[in-house]
Amino acid sequence: MPTPEQVDVAVGTLRMLAEPTRLRILWLLVDGEQSVGRLAELAGVAPSVVSQHLGKLRLARLVTTRRDGNRIFYAAADVHVRQLLEEALFHADHLVGGFADHAPTRPAGAVAPPSRPAESSVTPSDRPHRRR
C-alpha cells in the first residue's frame, strides 16, 4: 500500500497531466530539451502560455531546466515521466482505437512471474497501435 505522501505526490502528478496543453508540452520534452520559443511553436500556443505551464510542471518536479546564457532549456525530469506519459497515451490509444488489452490483470495478492520477456527486440514499428 502506498504511503499518504506517495498518494499525494501521485495525485499532484496526475493533476498536472490533466490539462491538454500541459500534456502536449511535456510530451515534446520526453525526447530532449527544448526552449520556450520552440515549445510554443511546436505546441501551437503563445510563449507566455508555455511559460505558465512550464512553471507549474517545474514546481511539480516533472521538468528540469538548464540555463545557457539568457536562454533556459526544459526537459522531462526523468524516465518515469516518459513512462507515465507513454502509458497514459498508449491507454488512450487503446480506448480510442478499440485495441484489446495486452494481458489479463493478475488477481489481488498474486505473485508476479519471476521474469518478464525481454522487449528490447520489439521496436515501435512492431506495435502499430503505439504512437511515438
# chains A, B, ... in the order shown; residues from 1 in each chain; ligands from 1
call {"tool": "select_by_dssp", "arguments": {"residues": "range 14-105 of chain A", "states": "strand (DSSP E or B)", "output": "ChimeraX atom specification"}}
result
/A:34-35,63-68,71-76
call {"tool": "residues_around", "arguments": {"residues": "Leu14 in chain A", "least_positions_apart": "2", "cutoff": "12 Å", "atoms": "only C-alpha atoms", "output": "list of chain:residue names"}}
result
A:Val7, A:Asp8, A:Val9, A:Ala10, A:Val11, A:Gly12, A:Met16, A:Leu17, A:Ala18, A:Glu19, A:Arg22, A:Leu23, A:Leu57, A:Ala60, A:Leu62, A:Val81, A:Leu84, A:Leu85, A:Ala88
call {"tool": "write_last_selection", "arguments": {"atoms": "C-alpha atoms", "output": "tab-separated table (two decimals), in the first residue's frame"}}
result
chain	number	residue	atom	x	y	z
A	7	VAL	CA	-0.50	9.16	-2.82
A	8	ASP	CA	-0.38	12.95	-2.52
A	9	VAL	CA	2.58	13.20	-4.91
A	10	ALA	CA	0.94	10.80	-7.40
A	11	VAL	CA	-2.33	12.76	-7.31
A	12	GLY	CA	-0.42	16.01	-7.85
A	16	MET	CA	-0.55	18.22	-13.75
A	17	LEU	CA	-1.14	15.87	-16.66
A	18	ALA	CA	-4.89	16.53	-16.70
A	19	GLU	CA	-4.54	19.67	-18.83
A	22	ARG	CA	0.46	20.82	-20.46
A	23	LEU	CA	0.41	17.17	-21.54
A	57	LEU	CA	5.48	21.46	-14.28
A	60	ALA	CA	5.66	19.55	-9.63
A	62	LEU	CA	8.15	16.94	-13.78
A	81	VAL	CA	7.85	10.98	-16.62
A	84	LEU	CA	3.91	7.77	-17.32
A	85	LEU	CA	3.11	9.75	-20.47
A	88	ALA	CA	-1.35	7.22	-20.46
call {"tool": "residues_around", "arguments": {"residues": "Val49 in chain A", "least_positions_apart": "4", "cutoff": "10 Å", "atoms": "only C-alpha atoms", "output": "number ranges by chain"}}
result
A: 21-22, 36, 40, 45, 53-54
call {"tool": "residues_around", "arguments": {"residues": "Arg82 in chain A", "least_positions_apart": "5", "cutoff": "10 Å", "atoms": "only C-alpha atoms", "output": "compact mmCIF listing (two decimals) with C-alpha atoms, in the first residue's frame"}}
result
# COMPACT_ATOMS: atom_id res chain seq x y z
CA LEU A 26 5.54 17.54 -21.58
CA TRP A 27 5.30 15.04 -24.45
CA LEU A 29 10.11 17.23 -23.75
CA VAL A 30 10.43 13.47 -23.30
CA ASP A 31 12.94 13.14 -26.14
CA LEU A 62 8.15 16.94 -13.78
CA ALA A 76 11.35 15.91 -18.82
CA ALA A 77 12.69 15.26 -15.33
CA GLU A 87 1.37 4.54 -20.70
CA ALA A 88 -1.35 7.22 -20.46
